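Containing PDB, C-alpha atoms: start-v2.pdb.
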```pdb
ATOM      1  CA  MET C   1      25.334 -21.901  66.935
ATOM      2  CA  SER C   2      22.366 -22.732  69.195
ATOM      3  CA  ASP C   3      18.887 -21.447  68.399
ATOM      4  CA  LEU C   4      19.069 -19.088  71.388
ATOM      5  CA  ALA C   5      22.464 -17.752  70.331
ATOM      6  CA  ALA C   6      21.255 -17.317  66.742
ATOM      7  CA  THR C   7      18.197 -15.402  67.947
ATOM      8  CA  GLN C   8      20.309 -13.150  70.145
ATOM      9  CA  ASP C   9      22.753 -12.577  67.282
ATOM     10  CA  LEU C  10      19.923 -11.574  64.918
ATOM     11  CA  ASP C  11      18.385  -9.282  67.535
ATOM     12  CA  SER C  12      21.763  -7.604  68.017
ATOM     13  CA  ARG C  13      22.294  -7.152  64.269
ATOM     14  CA  LEU C  14      18.848  -5.623  63.839
ATOM     15  CA  GLU C  15      19.219  -3.305  66.839
ATOM     16  CA  GLN C  16      22.398  -1.809  65.391
ATOM     17  CA  HIS C  17      20.218  -0.094  62.788
ATOM     18  CA  ARG C  18      17.378   1.105  65.052
ATOM     19  CA  ARG C  19      18.568   4.687  65.544
ATOM     20  CA  GLU C  20      19.239   5.489  61.887
ATOM     21  CA  LEU C  21      15.969   3.832  60.858
ATOM     22  CA  THR C  22      14.129   5.950  63.436
ATOM     23  CA  GLY C  23      15.691   9.071  61.915
ATOM     24  CA  TYR C  24      14.589   7.962  58.451
ATOM     25  CA  CYS C  25      11.034   7.177  59.566
ATOM     26  CA  TYR C  26      10.819  10.450  61.502
ATOM     27  CA  ARG C  27      11.669  12.446  58.378
ATOM     28  CA  MET C  28       9.109  10.427  56.430
ATOM     29  CA  LEU C  29       6.282  10.676  58.977
ATOM     30  CA  GLY C  30       6.946  13.869  60.949
ATOM     31  CA  SER C  31       6.029  12.124  64.211
ATOM     32  CA  SER C  32       8.378  10.814  66.890
ATOM     33  CA  PHE C  33       5.901   8.228  68.131
ATOM     34  CA  GLU C  34       4.834   7.053  64.682
ATOM     35  CA  ALA C  35       8.506   6.760  63.715
ATOM     36  CA  GLU C  36       9.183   4.483  66.673
ATOM     37  CA  ASP C  37       6.089   2.433  65.843
ATOM     38  CA  ALA C  38       7.244   2.144  62.221
ATOM     39  CA  VAL C  39      10.705   0.973  63.244
ATOM     40  CA  GLN C  40       9.268  -1.556  65.681
ATOM     41  CA  ASP C  41       7.019  -2.879  62.894
ATOM     42  CA  THR C  42      10.067  -3.022  60.626
ATOM     43  CA  MET C  43      12.016  -5.048  63.187
ATOM     44  CA  VAL C  44       9.141  -7.489  63.690
ATOM     45  CA  ARG C  45       8.692  -7.976  59.931
ATOM     46  CA  ALA C  46      12.430  -8.456  59.486
ATOM     47  CA  TRP C  47      12.630 -10.978  62.308
ATOM     48  CA  ARG C  48       9.681 -12.974  60.992
ATOM     49  CA  SER C  49      10.889 -13.069  57.396
ATOM     50  CA  PHE C  50      14.629 -13.326  57.993
ATOM     51  CA  GLU C  51      14.743 -16.847  56.579
ATOM     52  CA  LYS C  52      13.642 -15.368  53.230
ATOM     53  CA  PHE C  53      16.485 -12.834  53.290
ATOM     54  CA  GLU C  54      18.978 -14.343  50.902
ATOM     55  CA  GLY C  55      21.744 -11.819  51.326
ATOM     56  CA  ARG C  56      21.387 -10.443  47.792
ATOM     57  CA  SER C  57      21.585  -6.991  49.375
ATOM     58  CA  SER C  58      23.041  -5.812  52.668
ATOM     59  CA  LEU C  59      21.014  -6.242  55.850
ATOM     60  CA  ARG C  60      20.872  -2.442  56.118
ATOM     61  CA  SER C  61      19.404  -2.045  52.613
ATOM     62  CA  TRP C  62      16.877  -4.780  53.310
ATOM     63  CA  LEU C  63      15.766  -3.067  56.517
ATOM     64  CA  TYR C  64      15.396   0.255  54.711
ATOM     65  CA  ARG C  65      13.215  -1.444  52.090
ATOM     66  CA  ILE C  66      10.948  -2.813  54.817
ATOM     67  CA  ALA C  67      10.900   0.527  56.680
ATOM     68  CA  THR C  68      10.020   2.397  53.482
ATOM     69  CA  ASN C  69       7.094   0.082  52.804
ATOM     70  CA  VAL C  70       5.894   0.483  56.401
ATOM     71  CA  CYS C  71       6.047   4.286  56.108
ATOM     72  CA  LEU C  72       4.310   4.319  52.715
ATOM     73  CA  ASP C  73       1.521   2.183  54.168
ATOM     74  CA  MET C  74       1.160   4.585  57.110
ATOM     75  CA  LEU C  75       1.095   7.592  54.778
ATOM     76  CA  ASN C  76      -1.662   6.135  52.624
ATOM     77  CA  ALA C  77      -4.149   7.594  55.107
ATOM     78  CA  GLY C  78      -3.272  10.965  53.585
ATOM     79  CA  ASN C  79      -2.486  12.824  56.792
ATOM     80  CA  ARG C  80       0.236  15.463  56.377
ATOM     81  CA  ARG C  81       1.718  16.764  59.595
ATOM     82  CA  ALA C  82       2.407  20.469  59.710
ATOM     83  CA  ARG C  83       3.439  23.422  61.834
ATOM     84  CA  PRO C  84       0.911  26.186  62.608
ATOM     85  CA  MET C  85       2.663  28.454  60.095
ATOM     86  CA  ASP C  86       2.002  25.894  57.338
ATOM     87  CA  LEU C  87      -1.754  26.155  57.836
ATOM     88  CA  SER C  88      -2.446  29.892  58.089
ATOM     89  CA  GLY C  89      -0.893  33.338  58.251
ATOM     90  CA  PRO C  90       0.280  34.942  61.502
ATOM     91  CA  THR C  91      -2.434  36.301  63.785
ATOM     92  CA  PRO C  92      -2.255  39.846  65.226
ATOM     93  CA  VAL C  93      -2.225  39.496  68.997
ATOM     94  CA  ALA C  94      -5.413  41.558  69.312
ATOM     95  CA  GLN C  95      -7.264  38.869  67.344
ATOM     96  CA  ALA C  96      -5.501  35.883  68.893
ATOM     97  CA  GLN C  97      -7.631  32.896  69.900
ATOM     98  CA  LEU C  98      -6.559  29.483  71.100
ATOM     99  CA  ASN C  99      -8.070  26.873  68.785
ATOM    100  CA  ALA C 100      -6.779  23.358  69.358
ATOM    101  CA  ARG C 101      -6.464  20.870  66.516
ATOM    102  CA  PRO C 102      -6.145  17.076  66.789
ATOM    103  CA  GLU C 103      -2.731  15.650  67.698
ATOM    104  CA  ILE C 104      -2.400  14.001  64.269
ATOM    105  CA  THR C 105      -2.298  17.478  62.692
ATOM    106  CA  TRP C 106       1.022  18.517  64.155
ATOM    107  CA  LEU C 107       4.633  17.945  63.319
ATOM    108  CA  GLU C 108       6.250  16.541  66.444
ATOM    109  CA  PRO C 109       9.608  17.272  68.080
ATOM    110  CA  VAL C 110      12.132  14.461  68.500
ATOM    111  CA  PRO C 111      15.066  13.943  70.900
ATOM    112  CA  ASP C 112      18.420  14.027  69.106
ATOM    113  CA  GLY C 113      19.534  10.852  70.851
ATOM    114  CA  ARG C 114      16.794   8.791  69.233
ATOM    115  CA  VAL C 115      17.547   9.733  65.635
ATOM    116  CA  LEU C 116      21.125  11.003  65.290
ATOM    117  CA  PRO C 117      24.142   8.675  65.110
ATOM    118  CA  SER C 118      26.325   8.770  68.218
ATOM    119  CA  VAL C 119      29.561   8.619  66.205
ATOM    120  CA  ALA C 120      29.773   9.885  62.653
ATOM    121  CA  ASP C 121      31.758  12.015  60.256
ATOM    122  CA  PRO C 122      31.348  15.714  61.242
ATOM    123  CA  ALA C 123      30.113  16.631  57.761
ATOM    124  CA  GLU C 124      27.561  13.812  57.822
ATOM    125  CA  THR C 125      26.468  14.807  61.316
ATOM    126  CA  ALA C 126      25.865  18.385  60.150
ATOM    127  CA  VAL C 127      23.595  17.130  57.347
ATOM    128  CA  GLU C 128      21.778  14.786  59.723
ATOM    129  CA  ARG C 129      21.126  17.644  62.173
ATOM    130  CA  GLU C 130      20.019  20.116  59.529
ATOM    131  CA  THR C 131      17.563  17.586  58.084
ATOM    132  CA  ILE C 132      15.732  16.861  61.347
ATOM    133  CA  ARG C 133      15.043  20.554  61.989
ATOM    134  CA  LEU C 134      11.334  21.269  62.312
ATOM    135  CA  ALA C 135      11.298  23.589  59.297
ATOM    136  CA  PHE C 136      13.017  21.022  57.064
ATOM    137  CA  VAL C 137      10.845  18.102  58.163
ATOM    138  CA  ALA C 138       7.757  20.308  57.688
ATOM    139  CA  ALA C 139       8.897  21.063  54.139
ATOM    140  CA  LEU C 140       9.351  17.326  53.486
ATOM    141  CA  GLN C 141       5.688  16.784  54.353
ATOM    142  CA  HIS C 142       4.713  18.703  51.202
ATOM    143  CA  LEU C 143       6.240  15.944  49.049
ATOM    144  CA  PRO C 144       4.282  12.901  47.865
ATOM    145  CA  PRO C 145       5.414   9.901  49.941
ATOM    146  CA  LYS C 146       7.596   8.234  47.285
ATOM    147  CA  GLN C 147       9.268  11.541  46.355
ATOM    148  CA  ARG C 148       9.879  12.076  50.060
ATOM    149  CA  ALA C 149      11.596   8.680  50.315
ATOM    150  CA  VAL C 150      13.710   9.362  47.219
ATOM    151  CA  LEU C 151      14.871  12.760  48.471
ATOM    152  CA  ILE C 152      15.761  11.484  51.945
ATOM    153  CA  LEU C 153      17.612   8.449  50.617
ATOM    154  CA  ARG C 154      19.508  10.400  47.950
ATOM    155  CA  GLU C 155      20.134  13.790  49.583
ATOM    156  CA  VAL C 156      20.265  12.977  53.302
ATOM    157  CA  LEU C 157      21.575   9.420  53.380
ATOM    158  CA  ALA C 158      23.644   9.717  50.172
ATOM    159  CA  TRP C 159      22.390   6.528  48.543
ATOM    160  CA  LYS C 160      23.169   5.990  44.861
ATOM    161  CA  ALA C 161      20.301   6.320  42.392
ATOM    162  CA  SER C 162      20.704   2.653  41.481
ATOM    163  CA  GLU C 163      20.385   1.652  45.157
ATOM    164  CA  VAL C 164      17.217   3.695  45.581
ATOM    165  CA  ALA C 165      15.783   2.272  42.368
ATOM    166  CA  GLU C 166      16.386  -1.273  43.623
ATOM    167  CA  LEU C 167      14.832  -0.454  47.002
ATOM    168  CA  LEU C 168      11.695   1.057  45.453
ATOM    169  CA  GLY C 169      11.459  -1.503  42.648
ATOM    170  CA  THR C 170      11.714   1.131  39.932
ATOM    171  CA  THR C 171      14.233   2.532  37.417
ATOM    172  CA  VAL C 172      17.138   4.906  37.847
ATOM    173  CA  ALA C 173      15.439   7.302  35.414
ATOM    174  CA  SER C 174      12.312   7.276  37.586
ATOM    175  CA  VAL C 175      14.358   7.941  40.715
ATOM    176  CA  ASN C 176      16.192  10.850  39.089
ATOM    177  CA  SER C 177      12.907  12.330  37.863
ATOM    178  CA  ALA C 178      11.341  12.017  41.328
ATOM    179  CA  LEU C 179      14.404  13.640  42.909
ATOM    180  CA  GLN C 180      14.246  16.567  40.477
ATOM    181  CA  ARG C 181      10.559  17.162  41.264
ATOM    182  CA  ALA C 182      11.186  16.817  45.012
ATOM    183  CA  ARG C 183      14.030  19.351  44.899
ATOM    184  CA  ALA C 184      11.818  21.822  43.022
ATOM    185  CA  THR C 185       9.034  21.500  45.604
ATOM    186  CA  LEU C 186      11.472  21.830  48.479
ATOM    187  CA  ASN C 187      12.952  24.972  46.924
ATOM    188  CA  GLU C 188       9.446  26.446  46.736
ATOM    189  CA  GLN C 189       8.903  25.725  50.431
ATOM    190  CA  GLY C 190      12.263  27.346  51.187
ATOM    191  CA  PRO C 191      12.982  26.125  54.733
ATOM    192  CA  ALA C 192      15.408  28.656  56.213
ATOM    193  CA  THR C 193      18.791  27.397  57.300
ATOM    194  CA  SER C 194      19.844  27.679  60.923
ATOM    195  CA  ASP C 195      23.164  28.259  62.607
ATOM    196  CA  ALA C 196      25.213  25.127  63.275
ATOM    197  CA  ALA C 197      24.940  24.311  66.965
ATOM    198  CA  ASP C 198      26.999  21.174  67.536
ATOM    199  CA  PRO C 199      28.725  22.035  69.695
ATOM    200  CA  LEU C 200      27.445  25.455  70.693
ATOM    201  CA  ASP C 201      30.066  28.143  70.237
ATOM    202  CA  GLU C 202      30.692  30.757  72.908
ATOM    203  CA  GLU C 203      28.415  33.336  71.280
ATOM    204  CA  GLN C 204      25.537  30.850  71.011
ATOM    205  CA  GLN C 205      26.023  29.737  74.598
ATOM    206  CA  GLN C 206      25.861  33.341  75.762
ATOM    207  CA  LEU C 207      22.740  33.894  73.651
ATOM    208  CA  LEU C 208      21.003  30.966  75.355
ATOM    209  CA  GLU C 209      22.124  32.093  78.805
ATOM    210  CA  ARG C 210      20.668  35.535  78.108
ATOM    211  CA  TYR C 211      17.468  33.909  76.836
ATOM    212  CA  VAL C 212      17.073  31.920  80.057
ATOM    213  CA  ALA C 213      17.731  35.010  82.183
ATOM    214  CA  ALA C 214      15.246  37.107  80.191
ATOM    215  CA  PHE C 215      12.534  34.423  80.173
ATOM    216  CA  GLU C 216      12.853  33.469  83.828
ATOM    217  CA  GLY C 217      13.003  37.154  84.797
ATOM    218  CA  TYR C 218      10.119  37.885  82.406
ATOM    219  CA  ASP C 219      12.065  40.825  81.033
ATOM    220  CA  MET C 220      10.432  41.548  77.686
ATOM    221  CA  LYS C 221      12.939  44.246  76.719
ATOM    222  CA  ALA C 222      15.819  41.824  77.246
ATOM    223  CA  LEU C 223      13.923  39.021  75.487
ATOM    224  CA  THR C 224      13.110  40.993  72.346
ATOM    225  CA  ALA C 225      16.732  42.133  72.111
ATOM    226  CA  LEU C 226      17.559  38.459  71.465
ATOM    227  CA  LEU C 227      14.859  37.910  68.827
ATOM    228  CA  HIS C 228      14.926  38.706  65.133
ATOM    229  CA  GLU C 229      12.408  41.400  64.249
ATOM    230  CA  ASP C 230      10.333  38.836  62.335
ATOM    231  CA  ALA C 231      10.800  36.050  64.896
ATOM    232  CA  THR C 232       7.911  33.590  65.154
ATOM    233  CA  MET C 233       6.209  31.883  68.085
ATOM    234  CA  SER C 234       3.878  28.877  67.903
ATOM    235  CA  MET C 235       2.104  26.719  70.499
ATOM    236  CA  PRO C 236       0.895  23.334  69.206
ATOM    237  CA  PRO C 237      -1.723  21.882  69.687
ATOM    238  CA  TYR C 238      -3.127  25.395  69.095
ATOM    239  CA  ASP C 239      -3.109  26.646  65.504
ATOM    240  CA  LEU C 240      -2.273  30.214  66.574
ATOM    241  CA  TRP C 241       1.135  31.582  65.695
ATOM    242  CA  LEU C 242       2.633  35.036  66.092
ATOM    243  CA  ARG C 243       5.284  37.009  64.243
ATOM    244  CA  GLY C 244       7.320  40.020  65.343
ATOM    245  CA  HIS C 245       8.290  41.675  68.615
ATOM    246  CA  ASP C 246       5.031  43.542  69.235
ATOM    247  CA  ASP C 247       2.730  40.541  68.883
ATOM    248  CA  ILE C 248       5.031  38.181  70.802
ATOM    249  CA  VAL C 249       5.412  40.640  73.685
ATOM    250  CA  GLY C 250       1.685  41.419  73.570
ATOM    251  CA  TRP C 251       0.936  37.743  73.984
ATOM    252  CA  MET C 252       3.546  37.202  76.704
ATOM    253  CA  LEU C 253       2.155  40.114  78.749
ATOM    254  CA  GLY C 254      -1.458  39.134  78.071
ATOM    255  CA  VAL C 255      -2.682  35.535  77.989
ATOM    256  CA  GLY C 256       0.909  34.328  78.246
ATOM    257  CA  ASP C 257       1.505  36.165  81.514
ATOM    258  CA  VAL C 258       0.801  32.862  83.288
ATOM    259  CA  CYS C 259       4.396  31.962  82.293
ATOM    260  CA  ARG C 260       5.807  34.594  84.622
ATOM    261  CA  GLY C 261       8.084  33.058  87.252
ATOM    262  CA  SER C 262       8.848  29.929  85.218
ATOM    263  CA  ARG C 263      12.061  27.891  85.152
ATOM    264  CA  LEU C 264      13.859  26.562  82.077
ATOM    265  CA  VAL C 265      15.948  23.366  81.925
ATOM    266  CA  PRO C 266      18.192  22.910  78.843
ATOM    267  CA  THR C 267      17.809  19.970  76.480
ATOM    268  CA  VAL C 268      18.119  19.405  72.715
ATOM    269  CA  ALA C 269      15.509  18.599  70.073
ATOM    270  CA  ASN C 270      15.589  18.335  66.296
ATOM    271  CA  GLY C 271      19.285  19.166  66.176
ATOM    272  CA  VAL C 272      18.836  22.537  67.898
ATOM    273  CA  PRO C 273      18.793  23.935  71.456
ATOM    274  CA  ALA C 274      15.595  23.396  73.431
ATOM    275  CA  PHE C 275      14.291  23.935  76.940
ATOM    276  CA  ALA C 276      11.916  22.169  79.260
ATOM    277  CA  HIS C 277       9.635  24.939  80.523
ATOM    278  CA  TYR C 278       8.329  24.501  84.080
ATOM    279  CA  HIS C 279       5.507  26.654  85.436
ATOM    280  CA  PRO C 280       5.022  27.551  89.126
ATOM    281  CA  SER C 281       2.795  24.844  90.630
ATOM    282  CA  ALA C 282      -0.593  25.744  92.066
ATOM    283  CA  ASP C 283       0.427  24.552  95.528
ATOM    284  CA  GLY C 284       3.452  26.862  95.551
ATOM    285  CA  GLU C 285       5.738  23.933  96.318
ATOM    286  CA  GLY C 286       7.767  23.919  93.120
ATOM    287  CA  TYR C 287       7.365  23.819  89.353
ATOM    288  CA  GLU C 288       5.327  21.643  86.989
ATOM    289  CA  PRO C 289       5.803  20.887  83.266
ATOM    290  CA  TRP C 290       4.330  23.536  80.977
ATOM    291  CA  ALA C 291       5.980  23.237  77.542
ATOM    292  CA  LEU C 292       8.898  21.956  75.524
ATOM    293  CA  ILE C 293      10.447  25.011  73.821
ATOM    294  CA  VAL C 294      12.378  24.362  70.604
ATOM    295  CA  LEU C 295      14.459  27.310  69.389
ATOM    296  CA  GLU C 296      15.778  28.229  65.955
ATOM    297  CA  LEU C 297      19.037  30.194  65.950
ATOM    298  CA  SER C 298      20.158  32.197  62.933
ATOM    299  CA  ASP C 299      22.666  35.000  62.471
ATOM    300  CA  GLY C 300      23.357  35.200  66.189
ATOM    301  CA  LYS C 301      19.723  35.673  67.239
ATOM    302  CA  ILE C 302      16.608  33.606  67.863
ATOM    303  CA  GLY C 303      14.402  33.294  64.818
ATOM    304  CA  GLY C 304      11.708  31.014  66.190
ATOM    305  CA  MET C 305      10.234  29.651  69.417
ATOM    306  CA  ASP C 306       7.973  26.615  69.200
ATOM    307  CA  PHE C 307       6.191  25.813  72.474
ATOM    308  CA  PHE C 308       4.943  22.210  72.457
ATOM    309  CA  LEU C 309       2.363  22.160  75.222
ATOM    310  CA  ASP C 310       1.425  18.477  75.498
ATOM    311  CA  THR C 311       3.967  17.811  78.230
ATOM    312  CA  LYS C 312       2.483  14.409  79.114
ATOM    313  CA  ARG C 313       3.778  13.246  75.737
ATOM    314  CA  TRP C 314       6.985  15.214  75.448
ATOM    315  CA  PHE C 315       8.586  15.215  78.893
ATOM    316  CA  PRO C 316       8.767  11.392  79.265
ATOM    317  CA  LEU C 317      10.024  11.087  75.675
ATOM    318  CA  PHE C 318      12.838  13.536  76.429
ATOM    319  CA  ASP C 319      13.581  11.953  79.841
ATOM    320  CA  LEU C 320      12.781  15.251  81.572
ATOM    321  CA  PRO C 321      11.962  15.559  85.292
ATOM    322  CA  ALA C 322       8.269  15.315  86.183
ATOM    323  CA  ARG C 323       8.623  18.211  88.628
ATOM    324  CA  LEU C 324      11.121  20.727  90.034
ATOM    325  CA  ASP C 325      11.348  21.761  93.676
ATOM    326  CA  LYS C 326      11.350  25.361  94.929
ATOM    327  CA  THR C 327      15.047  25.724  94.082
ATOM    328  CA  GLY C 328      14.556  24.486  90.523
ATOM    329  CA  ALA C 329      16.165  21.088  91.215
ATOM    330  CA  PRO C 330      14.568  17.895  89.840
ATOM    331  CA  VAL C 331      12.274  16.062  92.233
ATOM    332  CA  ALA C 332      12.564  12.275  92.361
ATOM    333  CA  VAL C 333       9.589  10.458  90.843
ATOM    334  CA  GLU C 334       8.526   8.930  94.159
ATOM    335  CA  GLU C 335       8.494  12.417  95.699
ATOM    336  CA  ALA C 336       6.644  13.984  92.766
ATOM    337  CA  GLU C 337       3.961  11.283  92.758
ATOM    338  CA  PRO C 338       3.525   9.927  96.268
ATOM    339  CA  ALA C 339       1.684   6.659  96.686
TER     340      ALA C 339
END
```

Starting from the file, give its structure as C-alpha cells.
Amino acid sequence: MSDLAATQDLDSRLEQHRRELTGYCYRMLGSSFEAEDAVQDTMVRAWRSFEKFEGRSSLRSWLYRIATNVCLDMLNAGNRRARPMDLSGPTPVAQAQLNARPEITWLEPVPDGRVLPSVADPAETAVERETIRLAFVAALQHLPPKQRAVLILREVLAWKASEVAELLGTTVASVNSALQRARATLNEQGPATSDAADPLDEEQQQLLERYVAAFEGYDMKALTALLHEDATMSMPPYDLWLRGHDDIVGWMLGVGDVCRGSRLVPTVANGVPAFAHYHPSADGEGYEPWALIVLELSDGKIGGMDFFLDTKRWFPLFDLPARLDKTGAPVAVEEAEPA
C-alpha cells in the first residue's frame, strides 16, 4: 500500500469513531464545542502516535483512552458546567433580573446528529438518547472527572469493568468502587426521566403542534394547558430561571412580551424535541434568530423549556437558517447577508 493510500486508510478508520467519541466527550465536558475540540485533539494525537499503537487493544479502545486523557486534562481547570437551576433556586417573576454569566458557566445543547449513532440497536439508542439529555449531563457534572468517565463507560457504553480498568490504568476493584460512588451521587442529583421521543408518537406530535400554535399565537391559556404545574423555564446565558404557570406567564407577558409574533422551526437537541425560535426583525421584513428552545416532555406534557439565547453559536451548529422571510420560509444566505 502506498503512503498516500495508507494515510487515507488511517484517516478513514479514525473517522469511523468520531461521532461516538464526540458523544462521550460531550457527556464528560458538557459542551458541544469543547467536545468537538477534544475529539479533534484525540484524532491528531492518534494520527501522530499511530506507529506506537501495537494492536494490543482494539483501535476503538485506544481512541477512548486518548479521548479520556484529553477530557481529564481539560477538566483539570476545575470548571463545572451547569444549568441555571443547578446554581440557585427559582426566582419569583416580580423579583426577576437578567444577570448574564460567562459562557464557560453553562451546559450547552448538542445536535443529535453529532453525538448519536445513525444505526444502532433500539435499546442502545434509547440509552444513548436518555444520557445526552440536559438534566442527565448536568447531573454528570457533579461527579469528579474519573468517576464521570467510569460511569459513562460502564453504564452508558456498557464496557466491562476490566476494560475500564485497563483504559484508566487502574484495578477492577477501583473501577467498581468509583462506579458505586458515582451511582450514589447521581441518585442524589435525581435527574428526572423524560418520555421516549424517537420517533414521536401521535400524542407527542399533537402536543408539539399545540405548543407551536400556542407560542406563535402568544396564547398563554393554551400554552399553560400544555405545561406541568411545576414546569421550569431557563434562559442561558442568564442565571434566572422560573418555575410554575404564574411566573412563566408573568414573564412571557412582561419582559418576555418581545417574543410575541415569533415563529418556531422544529429541530432536535439532546435527544429531545427542540425549536429554532425566530423573532420579528426590526425592519419588518421577516424573522431573525432569537433562541434555541429545548423541551423536556414527561407524562404527556412539557416539563421544561430551556431557551438558549446565544444564537450566533447555536444556529450554525444546528444548521438552522440565518433568517426567515415574511411567510416563515428560510431565506438563502446570500439574500440574508447581501454583499

Against range 167-171 of chain C, which residues of range 40-107 of chain C fall within 8 Å? For each one I want the closest pair of atoms and the distance in Å (one decimal), counting all atoms listed in the file, rows by chain and increasing residue number, as a Markdown table.
```
| residue | atom | partner | partner_atom | distance |
| --- | --- | --- | --- | --- |
| C:Ser61 | CA | C:Leu167 | CA | 7.4 |
| C:Trp62 | CA | C:Leu167 | CA | 7.9 |
| C:Tyr64 | CA | C:Leu167 | CA | 7.8 |
| C:Arg65 | CA | C:Leu167 | CA | 5.4 |
```

Two-atom distance - CA of Glu229 in chain C, CA of Pro280 in chain C (Å): 29.4 Å

Nearest residue to Leu72 in chain C from the set C:Ser234, C:Thr327, C:Gln147, C:Thr311 (distances using all atoms listed in the file):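 Going through C:Ser234, C:Thr327, C:Gln147, C:Thr311 one by one, the smallest distance to Leu72 in chain C is for C:Gln147.
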
Exercise on range 137-148 of chain C, axis-aligned box with 4 Å per side, report centre and edge lengths in Å to one decimal, as lines of an AutoDock Vina configuration file:
```
center_x = 7.6
center_y = 14.6
center_z = 52.3
size_x = 14.6
size_y = 20.8
size_z = 19.8
```

Gly250 in chain C surroundings by all atoms listed in the file, 10 Å radius, close-in-sequence under 4 positions cut, as a VMD selection string: chain C and resid 92 to 94 220 242 245 to 246 254 to 257

Would you kindly identify which residues have an atom no farther than 12 Å from (2.5, 22.9, 71.7), using all atoms listed in the file and the file's own coordinates, and write them out as a PDB file with C-alpha atoms, in the frame of the given file?
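The file below, selection.pdb, is the result:
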```pdb
ATOM      1  CA  ARG C  83       3.439  23.422  61.834  1.00  0.00           C
ATOM      2  CA  PRO C  84       0.911  26.186  62.608  1.00  0.00           C
ATOM      3  CA  LEU C  98      -6.559  29.483  71.100  1.00  0.00           C
ATOM      4  CA  ASN C  99      -8.070  26.873  68.785  1.00  0.00           C
ATOM      5  CA  ALA C 100      -6.779  23.358  69.358  1.00  0.00           C
ATOM      6  CA  ARG C 101      -6.464  20.870  66.516  1.00  0.00           C
ATOM      7  CA  PRO C 102      -6.145  17.076  66.789  1.00  0.00           C
ATOM      8  CA  GLU C 103      -2.731  15.650  67.698  1.00  0.00           C
ATOM      9  CA  THR C 105      -2.298  17.478  62.692  1.00  0.00           C
ATOM     10  CA  TRP C 106       1.022  18.517  64.155  1.00  0.00           C
ATOM     11  CA  LEU C 107       4.633  17.945  63.319  1.00  0.00           C
ATOM     12  CA  GLU C 108       6.250  16.541  66.444  1.00  0.00           C
ATOM     13  CA  PRO C 109       9.608  17.272  68.080  1.00  0.00           C
ATOM     14  CA  MET C 233       6.209  31.883  68.085  1.00  0.00           C
ATOM     15  CA  SER C 234       3.878  28.877  67.903  1.00  0.00           C
ATOM     16  CA  MET C 235       2.104  26.719  70.499  1.00  0.00           C
ATOM     17  CA  PRO C 236       0.895  23.334  69.206  1.00  0.00           C
ATOM     18  CA  PRO C 237      -1.723  21.882  69.687  1.00  0.00           C
ATOM     19  CA  TYR C 238      -3.127  25.395  69.095  1.00  0.00           C
ATOM     20  CA  ASP C 239      -3.109  26.646  65.504  1.00  0.00           C
ATOM     21  CA  LEU C 240      -2.273  30.214  66.574  1.00  0.00           C
ATOM     22  CA  TRP C 241       1.135  31.582  65.695  1.00  0.00           C
ATOM     23  CA  HIS C 277       9.635  24.939  80.523  1.00  0.00           C
ATOM     24  CA  TRP C 290       4.330  23.536  80.977  1.00  0.00           C
ATOM     25  CA  ALA C 291       5.980  23.237  77.542  1.00  0.00           C
ATOM     26  CA  LEU C 292       8.898  21.956  75.524  1.00  0.00           C
ATOM     27  CA  ILE C 293      10.447  25.011  73.821  1.00  0.00           C
ATOM     28  CA  VAL C 294      12.378  24.362  70.604  1.00  0.00           C
ATOM     29  CA  MET C 305      10.234  29.651  69.417  1.00  0.00           C
ATOM     30  CA  ASP C 306       7.973  26.615  69.200  1.00  0.00           C
ATOM     31  CA  PHE C 307       6.191  25.813  72.474  1.00  0.00           C
ATOM     32  CA  PHE C 308       4.943  22.210  72.457  1.00  0.00           C
ATOM     33  CA  LEU C 309       2.363  22.160  75.222  1.00  0.00           C
ATOM     34  CA  ASP C 310       1.425  18.477  75.498  1.00  0.00           C
ATOM     35  CA  THR C 311       3.967  17.811  78.230  1.00  0.00           C
ATOM     36  CA  LYS C 312       2.483  14.409  79.114  1.00  0.00           C
ATOM     37  CA  ARG C 313       3.778  13.246  75.737  1.00  0.00           C
ATOM     38  CA  TRP C 314       6.985  15.214  75.448  1.00  0.00           C
TER      39      TRP C 314
END
```

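Restricting the calculation to all atoms listed in the file, the smallest distance between Asp73 in chain C and any of C:Ala135, C:Pro145, C:Gln16, C:Ala46 is found for C:Pro145.
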
Distance in Å - CA of Phe315 in chain C versus CA of Gly328 in chain C: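 According to the coordinates, CA of Phe315 in chain C and CA of Gly328 in chain C are separated by 16.0 Å.
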
Resolved residues for the PyMOL selection byres ((chain C and resi 201-212) around 10) as a PyMOL selection string: chain C and resi 195-200+213-219+222-227+262-266+273-275+295+297-302

Separation of CA of Glu296 in chain C from CA of Ala139 in chain C, in Å and rounded to one decimal: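 Interatomic distance, CA of Glu296 in chain C to CA of Ala139 in chain C: 15.4 Å.
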
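Here the question is which of C:Pro122, C:Gly89, C:Gly30, C:Gly261 gets nearest to Leu75 in chain C using only C-alpha atoms, and that residue is C:Gly30.
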
Exercise: Gly190 in chain C partners within 12 Å, only C-alpha atoms, chain neighbours under 5 positions left out, as a ChimeraX atom specification: /C:135-140,142,183-185

Of the listed residues C:Pro316, C:Gly286, C:Gly271, C:Gly304, that which approaches Val331 in chain C most closely, counting all atoms listed in the file: C:Gly286
